[in-house]
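Chemist: Provided herewith: target_11.txt, compact mmCIF, C-alpha atoms.
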```txt
# COMPACT_ATOMS: atom_id res chain seq x y z
CA MET G 1 -107.96 -107.48 6.66
CA ASN G 2 -111.22 -105.79 5.68
CA CYS G 3 -112.67 -106.71 9.05
CA ASN G 4 -109.85 -104.95 10.90
CA VAL G 5 -110.17 -101.84 8.71
CA SER G 6 -113.90 -101.62 9.40
CA LYS G 7 -113.27 -101.96 13.16
CA VAL G 8 -110.68 -99.19 13.00
CA LEU G 9 -113.11 -96.96 11.07
CA LYS G 10 -115.91 -97.79 13.48
CA TYR G 11 -113.81 -96.79 16.51
CA ALA G 12 -112.42 -93.76 14.70
CA SER G 13 -115.95 -92.59 13.89
CA PHE G 14 -117.04 -93.12 17.50
CA SER G 15 -114.00 -91.23 18.79
CA SER G 16 -114.65 -88.33 16.42
CA LEU G 17 -118.30 -88.17 17.44
CA ALA G 18 -117.37 -88.25 21.12
CA GLY G 19 -114.84 -85.45 20.57
CA ILE G 20 -117.42 -83.30 18.78
CA MET G 21 -119.95 -83.92 21.58
CA ILE G 22 -117.43 -82.78 24.20
CA VAL G 23 -116.64 -79.60 22.24
CA ILE G 24 -120.32 -78.77 21.76
CA SER G 25 -121.19 -79.41 25.41
CA GLY G 26 -118.32 -77.14 26.46
CA CYS G 27 -119.83 -74.34 24.38
CA ALA G 28 -123.33 -74.66 25.82
CA LYS G 29 -125.13 -71.46 26.72
CA GLY G 30 -124.97 -70.09 30.24
CA PRO G 31 -127.78 -70.42 32.74
CA ALA G 32 -131.19 -69.10 31.72
CA TYR G 33 -131.87 -65.43 32.42
CA THR G 34 -134.44 -64.55 35.08
CA PRO G 35 -135.52 -60.96 35.80
CA SER G 36 -134.57 -59.26 39.06
CA THR G 37 -137.31 -59.58 41.63
CA LEU G 38 -139.44 -56.78 43.04
CA ASP G 39 -138.91 -56.08 46.75
CA SER G 40 -142.04 -56.10 48.91
CA GLN G 41 -141.58 -52.39 49.84
CA ALA G 42 -141.66 -51.43 46.13
CA ARG G 43 -144.93 -53.19 45.24
CA GLY G 44 -147.08 -50.05 45.64
CA ILE G 45 -145.04 -47.86 43.28
CA THR G 46 -146.94 -46.91 40.13
CA ILE G 47 -145.48 -46.30 36.67
CA ALA G 48 -147.07 -43.17 35.17
CA THR G 49 -147.48 -42.76 31.41
CA SER G 50 -147.41 -38.95 31.69
CA LYS G 51 -146.29 -36.39 34.28
CA PRO G 52 -148.38 -37.03 37.41
CA TYR G 53 -150.55 -34.09 38.56
CA ASN G 54 -150.51 -32.85 42.16
CA CYS G 55 -147.19 -34.60 42.74
CA LYS G 56 -143.79 -33.19 43.62
CA ILE G 57 -140.75 -34.29 41.62
CA GLU G 58 -138.15 -35.72 43.98
CA GLY G 59 -135.39 -36.41 41.49
CA GLU G 60 -134.11 -38.61 38.71
CA LEU G 61 -133.21 -42.25 38.86
CA GLU G 62 -131.69 -44.82 36.54
CA ALA G 63 -131.68 -48.58 36.80
CA THR G 64 -129.87 -51.25 34.80
CA GLU G 65 -130.61 -54.92 34.27
CA SER G 66 -127.87 -57.18 32.89
CA ALA G 67 -128.19 -60.53 31.13
CA ARG G 68 -124.48 -60.99 30.44
CA GLY G 69 -123.48 -64.64 30.62
CA LYS G 70 -127.13 -65.72 30.61
CA SER G 71 -129.27 -67.15 27.84
CA SER G 72 -132.84 -66.59 26.67
CA ALA G 73 -133.27 -62.94 27.72
CA THR G 74 -136.13 -61.35 25.81
CA LYS G 75 -136.79 -57.62 25.61
CA GLU G 76 -139.90 -58.07 27.75
CA SER G 77 -138.15 -60.07 30.48
CA ILE G 78 -135.04 -57.87 30.71
CA ARG G 79 -137.26 -54.73 30.72
CA GLU G 80 -139.30 -56.26 33.57
CA GLY G 81 -136.08 -56.78 35.53
CA ALA G 82 -134.99 -53.18 34.90
CA ILE G 83 -138.38 -51.82 36.06
CA ASN G 84 -138.17 -53.97 39.19
CA ASN G 85 -134.68 -52.56 39.89
CA LEU G 86 -136.01 -49.03 39.28
CA LYS G 87 -138.84 -49.50 41.76
CA ASN G 88 -136.50 -51.14 44.30
CA GLU G 89 -134.17 -48.10 44.12
CA ALA G 90 -137.06 -45.59 44.20
CA VAL G 91 -138.12 -46.83 47.65
CA HIS G 92 -135.01 -45.17 49.10
CA ALA G 93 -135.58 -41.83 47.33
CA VAL G 94 -138.82 -40.75 49.05
CA LYS G 95 -139.68 -40.70 52.75
CA GLU G 96 -141.48 -43.73 54.11
CA GLY G 97 -145.27 -43.56 54.00
CA SER G 98 -145.39 -41.42 50.83
CA LYS G 99 -147.30 -42.44 47.74
CA MET G 100 -144.80 -42.67 44.92
CA MET G 101 -144.98 -42.60 41.13
CA ILE G 102 -142.32 -43.05 38.47
CA LYS G 103 -142.41 -41.49 35.01
CA ILE G 104 -140.05 -43.26 32.59
CA ASP G 105 -138.20 -40.76 30.39
CA ARG G 106 -135.92 -42.96 28.31
CA GLU G 107 -134.97 -46.60 27.80
CA THR G 108 -131.84 -47.99 26.15
CA MET G 109 -130.57 -51.47 25.26
CA LYS G 110 -127.18 -52.97 24.58
CA CYS G 111 -126.88 -56.02 22.38
CA LYS G 112 -124.21 -58.41 21.19
CA LYS G 113 -124.05 -60.57 18.07
CA LYS G 114 -124.27 -64.25 18.92
CA PRO G 115 -121.14 -66.32 18.35
CA SER G 116 -121.15 -68.59 15.33
CA PHE G 117 -119.97 -72.16 14.69
CA PHE G 118 -121.15 -73.74 17.96
CA GLY G 119 -119.94 -70.77 19.99
CA LEU G 120 -116.31 -71.17 18.92
CA VAL G 121 -116.06 -68.17 16.57
CA GLY G 122 -116.75 -64.60 17.68
CA LYS G 123 -117.33 -65.23 21.37
CA ASN G 124 -115.85 -61.83 22.31
CA LYS G 125 -117.81 -59.66 19.90
CA PRO G 126 -118.30 -56.05 21.05
CA GLU G 127 -121.55 -54.78 22.56
CA PHE G 128 -123.51 -52.07 20.76
CA ALA G 129 -126.57 -49.86 21.29
CA CYS G 130 -129.58 -51.51 19.68
CA GLN G 131 -133.26 -50.95 19.00
CA GLU G 132 -136.15 -53.09 17.92
CA PRO G 133 -136.67 -55.14 15.89
CA ILE G 134 -134.07 -57.60 17.16
CA ASN G 135 -133.50 -60.99 15.55
CA PRO G 136 -133.07 -63.34 18.56
CA LYS G 137 -131.39 -65.93 16.34
CA LYS G 138 -128.50 -63.55 15.64
CA ILE G 139 -128.53 -61.00 18.50
CA ASP G 140 -128.54 -61.28 22.32
CA ILE G 141 -129.79 -58.44 24.53
CA VAL G 142 -127.16 -58.04 27.26
CA GLU G 143 -128.29 -54.88 29.08
CA TYR G 144 -131.40 -52.73 29.54
CA LYS G 145 -131.28 -49.30 31.17
CA ILE G 146 -134.19 -47.08 32.24
CA TYR G 147 -134.01 -43.37 33.09
CA ALA G 148 -136.96 -41.98 35.09
CA ASP G 149 -138.28 -39.15 37.27
CA ILE G 150 -139.56 -39.96 40.77
CA TYR G 151 -142.62 -38.19 42.16
CA SER G 152 -143.96 -37.95 45.69
CA CYS G 153 -147.77 -37.78 45.65
CA GLY G 154 -148.76 -37.29 49.29
CA GLU G 155 -149.35 -39.80 52.05
CA LYS G 156 -150.46 -43.40 51.43
```
Please express what this file holds, its structure, as structure tokens.

Modeler:
Amino acid sequence: MNCNVSKVLKYASFSSLAGIMIVISGCAKGPAYTPSTLDSQARGITIATSKPYNCKIEGELEATESARGKSSATKESIREGAINNLKNEAVHAVKEGSKMMIKIDRETMKCKKKPSFFGLVGKNKPEFACQEPINPKKIDIVEYKIYADIYSCGEK
């Protein structure tokens, strides 16, 4: 009788472990985040740290990078993606053959608290505006937005 009880417990333990493994694997994080790429036409655009002299302001631009549904987005990587998007959009704002500069005016982030208990509790938590420092163990960055001025600085 003891032998049968131990077999039952052995199989019950295995079944429980298998069930837990299936639940955990179903809650795995999404694909890893990778920043948006920079188009070849946008490679010559410079980011200015102050208002560029001898340049004409052409307008304002904003660009957003999203990491929703992705994992492992750091502030640096999502900011890189937003700057790449900004430069990609800026190409269309100034006539071809012009030297272009961008002066970033403002940057914002949206974050979301990470779900708890293997992703089963709090999966649909609301997004909120956030600033550094961010604890990556508890908070995910889900969006980065950059507001900038575009300048035309003569011919290339």

Chemist: One decimal, Å: what's the distance from CA of Pro35 (chain G) over to CA of Val94 (chain G), could you say?

Modeler: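 CA of Pro35 (chain G) sits 24.4 Å away from CA of Val94 (chain G).
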
Chemist: Just the residues within 7 Å of Ile102 (chain G), please, counting all atoms listed in the file, with nothing from its chain fewer than 2 positions along; format it as a count of residues only.

Modeler: 9

Chemist: What lies within 10 Å of Gln41 (chain G) using only C-alpha atoms, ignoring chain neighbours under 4 positions off, as a PyMOL selection string?

Modeler: chain G and resi 45+87-88+90-92+96

Chemist: Find the residues near region 72-79 of chain G: any atom within 6 Å, counting only C-alpha atoms, skip ones fewer than 2 places away on the same chain, and give them as a PDB file with C-alpha atoms, in the frame of the given file.

Modeler:
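To be explicit, this is the file written out as part_11.pdb:
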```pdb
ATOM      1  CA  ALA G  32    -131.190 -69.100  31.720  1.00  0.00           C
ATOM      2  CA  TYR G  33    -131.870 -65.430  32.420  1.00  0.00           C
ATOM      3  CA  PRO G  35    -135.520 -60.960  35.800  1.00  0.00           C
ATOM      4  CA  GLY G  81    -136.080 -56.780  35.530  1.00  0.00           C
ATOM      5  CA  ALA G  82    -134.990 -53.180  34.900  1.00  0.00           C
TER       6      ALA G  82
END
```

Chemist: Would you work out the distance separating CA of Glu80 (chain G) from CA of Tyr144 (chain G), expressed in Å to one decimal?

Modeler: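 It comes out at 9.5 Å.
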
Chemist: Kindly indicate which residue among G:Gly30, G:Pro133, G:Gly44, G:Gly59 lies nearest to Lys103 (chain G), using only C-alpha atoms for the distances.

Modeler: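 Among the listed residues, G:Gly59 lies closest to Lys103 (chain G).
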
Chemist: Taking 6 positions as the minimum chain separation for residues in the same chain, which residues sit within 10 Å of Asn54 (chain G) when counting only C-alpha atoms? Answer as a PyMOL selection string.

Modeler: chain G and resi 151-154

Chemist: Could you write out as lines of an AutoDock Vina configuration file the box around region 85-100 of chain G (axis-aligned, all atoms listed in the file, 8 Å on each side), with centre and edge lengths in Å to one decimal?

Modeler:
```
center_x = -140.7
center_y = -46.6
center_z = 46.7
size_x = 29.1
size_y = 27.9
size_z = 30.8
```

Chemist: Can you complete the atoms of region 142-153 of chain G to all heavy atoms and list them as a CSV table (one decimal), in the frame of the given file?

Modeler:
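And here's out.csv as it stands now:
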```csv
chain,number,residue,atom,x,y,z
G,142,VAL,N,-128.0,-57.8,26.1
G,142,VAL,CA,-127.2,-58.0,27.3
G,142,VAL,C,-127.4,-57.0,28.4
G,142,VAL,O,-127.0,-57.3,29.5
G,142,VAL,CB,-125.7,-58.1,26.9
G,142,VAL,CG1,-125.3,-59.2,26.0
G,142,VAL,CG2,-125.2,-56.8,26.2
G,143,GLU,N,-128.1,-55.9,28.0
G,143,GLU,CA,-128.3,-54.9,29.1
G,143,GLU,C,-129.5,-54.0,28.7
G,143,GLU,O,-129.7,-53.7,27.5
G,143,GLU,CB,-127.1,-54.0,29.2
G,143,GLU,CG,-127.2,-52.9,30.3
G,143,GLU,CD,-126.0,-52.0,30.4
G,143,GLU,OE1,-125.0,-52.5,31.0
G,143,GLU,OE2,-126.0,-50.9,29.8
G,144,TYR,N,-130.2,-53.6,29.7
G,144,TYR,CA,-131.4,-52.7,29.5
G,144,TYR,C,-131.3,-51.7,30.6
G,144,TYR,O,-131.1,-52.0,31.8
G,144,TYR,CB,-132.7,-53.5,29.7
G,144,TYR,CG,-133.9,-52.8,29.0
G,144,TYR,CD1,-134.2,-53.1,27.7
G,144,TYR,CD2,-134.6,-51.9,29.7
G,144,TYR,CE1,-135.3,-52.5,27.1
G,144,TYR,CE2,-135.7,-51.3,29.1
G,144,TYR,CZ,-136.0,-51.6,27.8
G,144,TYR,OH,-137.1,-51.0,27.2
G,145,LYS,N,-131.4,-50.4,30.2
G,145,LYS,CA,-131.3,-49.3,31.2
G,145,LYS,C,-132.5,-48.4,31.0
G,145,LYS,O,-133.0,-48.1,29.9
G,145,LYS,CB,-130.0,-48.5,30.9
G,145,LYS,CG,-129.7,-47.5,32.0
G,145,LYS,CD,-128.4,-46.7,31.7
G,145,LYS,CE,-127.3,-47.6,32.3
G,145,LYS,NZ,-126.0,-46.8,32.4
G,146,ILE,N,-133.0,-48.0,32.2
G,146,ILE,CA,-134.2,-47.1,32.2
G,146,ILE,C,-133.8,-45.8,33.0
G,146,ILE,O,-133.2,-45.9,34.1
G,146,ILE,CB,-135.4,-47.8,32.9
G,146,ILE,CG1,-135.8,-49.0,32.1
G,146,ILE,CG2,-136.6,-46.8,33.1
G,146,ILE,CD1,-137.0,-49.8,32.7
G,147,TYR,N,-134.2,-44.7,32.4
G,147,TYR,CA,-134.0,-43.4,33.1
G,147,TYR,C,-135.4,-42.9,33.4
G,147,TYR,O,-136.3,-42.9,32.6
G,147,TYR,CB,-133.3,-42.4,32.2
G,147,TYR,CG,-132.0,-42.9,31.7
G,147,TYR,CD1,-131.9,-43.7,30.5
G,147,TYR,CD2,-130.8,-42.5,32.3
G,147,TYR,CE1,-130.6,-44.1,30.1
G,147,TYR,CE2,-129.6,-43.0,31.9
G,147,TYR,CZ,-129.5,-43.8,30.8
G,147,TYR,OH,-128.3,-44.2,30.3
G,148,ALA,N,-135.6,-42.4,34.7
G,148,ALA,CA,-137.0,-42.0,35.1
G,148,ALA,C,-136.9,-40.8,36.1
G,148,ALA,O,-135.9,-40.6,36.7
G,148,ALA,CB,-137.7,-43.2,35.7
G,149,ASP,N,-138.1,-40.2,36.2
G,149,ASP,CA,-138.3,-39.2,37.3
G,149,ASP,C,-139.1,-39.8,38.4
G,149,ASP,O,-140.0,-40.6,38.1
G,149,ASP,CB,-139.0,-37.9,36.7
G,149,ASP,CG,-138.2,-37.2,35.7
G,149,ASP,OD1,-137.0,-37.1,35.9
G,149,ASP,OD2,-138.8,-36.6,34.7
G,150,ILE,N,-138.8,-39.4,39.6
G,150,ILE,CA,-139.6,-40.0,40.8
G,150,ILE,C,-140.4,-38.8,41.3
G,150,ILE,O,-139.9,-37.7,41.5
G,150,ILE,CB,-138.6,-40.4,41.9
G,150,ILE,CG1,-137.6,-41.5,41.3
G,150,ILE,CG2,-139.4,-41.0,43.0
G,150,ILE,CD1,-136.6,-41.8,42.3
G,151,TYR,N,-141.7,-39.2,41.6
G,151,TYR,CA,-142.6,-38.2,42.2
G,151,TYR,C,-143.2,-38.7,43.5
G,151,TYR,O,-143.5,-39.8,43.7
G,151,TYR,CB,-143.8,-38.0,41.2
G,151,TYR,CG,-143.4,-37.3,39.9
G,151,TYR,CD1,-142.9,-38.1,38.8
G,151,TYR,CD2,-143.5,-36.0,39.8
G,151,TYR,CE1,-142.6,-37.5,37.6
G,151,TYR,CE2,-143.1,-35.3,38.6
G,151,TYR,CZ,-142.7,-36.1,37.5
G,151,TYR,OH,-142.3,-35.5,36.3
G,152,SER,N,-143.3,-37.7,44.4
G,152,SER,CA,-144.0,-38.0,45.7
G,152,SER,C,-145.4,-37.4,45.6
G,152,SER,O,-145.5,-36.2,45.2
G,152,SER,CB,-143.2,-37.2,46.8
G,152,SER,OG,-143.9,-37.3,48.0
G,153,CYS,N,-146.4,-38.2,45.9
G,153,CYS,CA,-147.8,-37.8,45.6
G,153,CYS,C,-148.6,-37.8,46.9
G,153,CYS,O,-149.7,-38.3,46.9
G,153,CYS,CB,-148.4,-38.7,44.6
G,153,CYS,SG,-147.5,-38.7,43.0
```
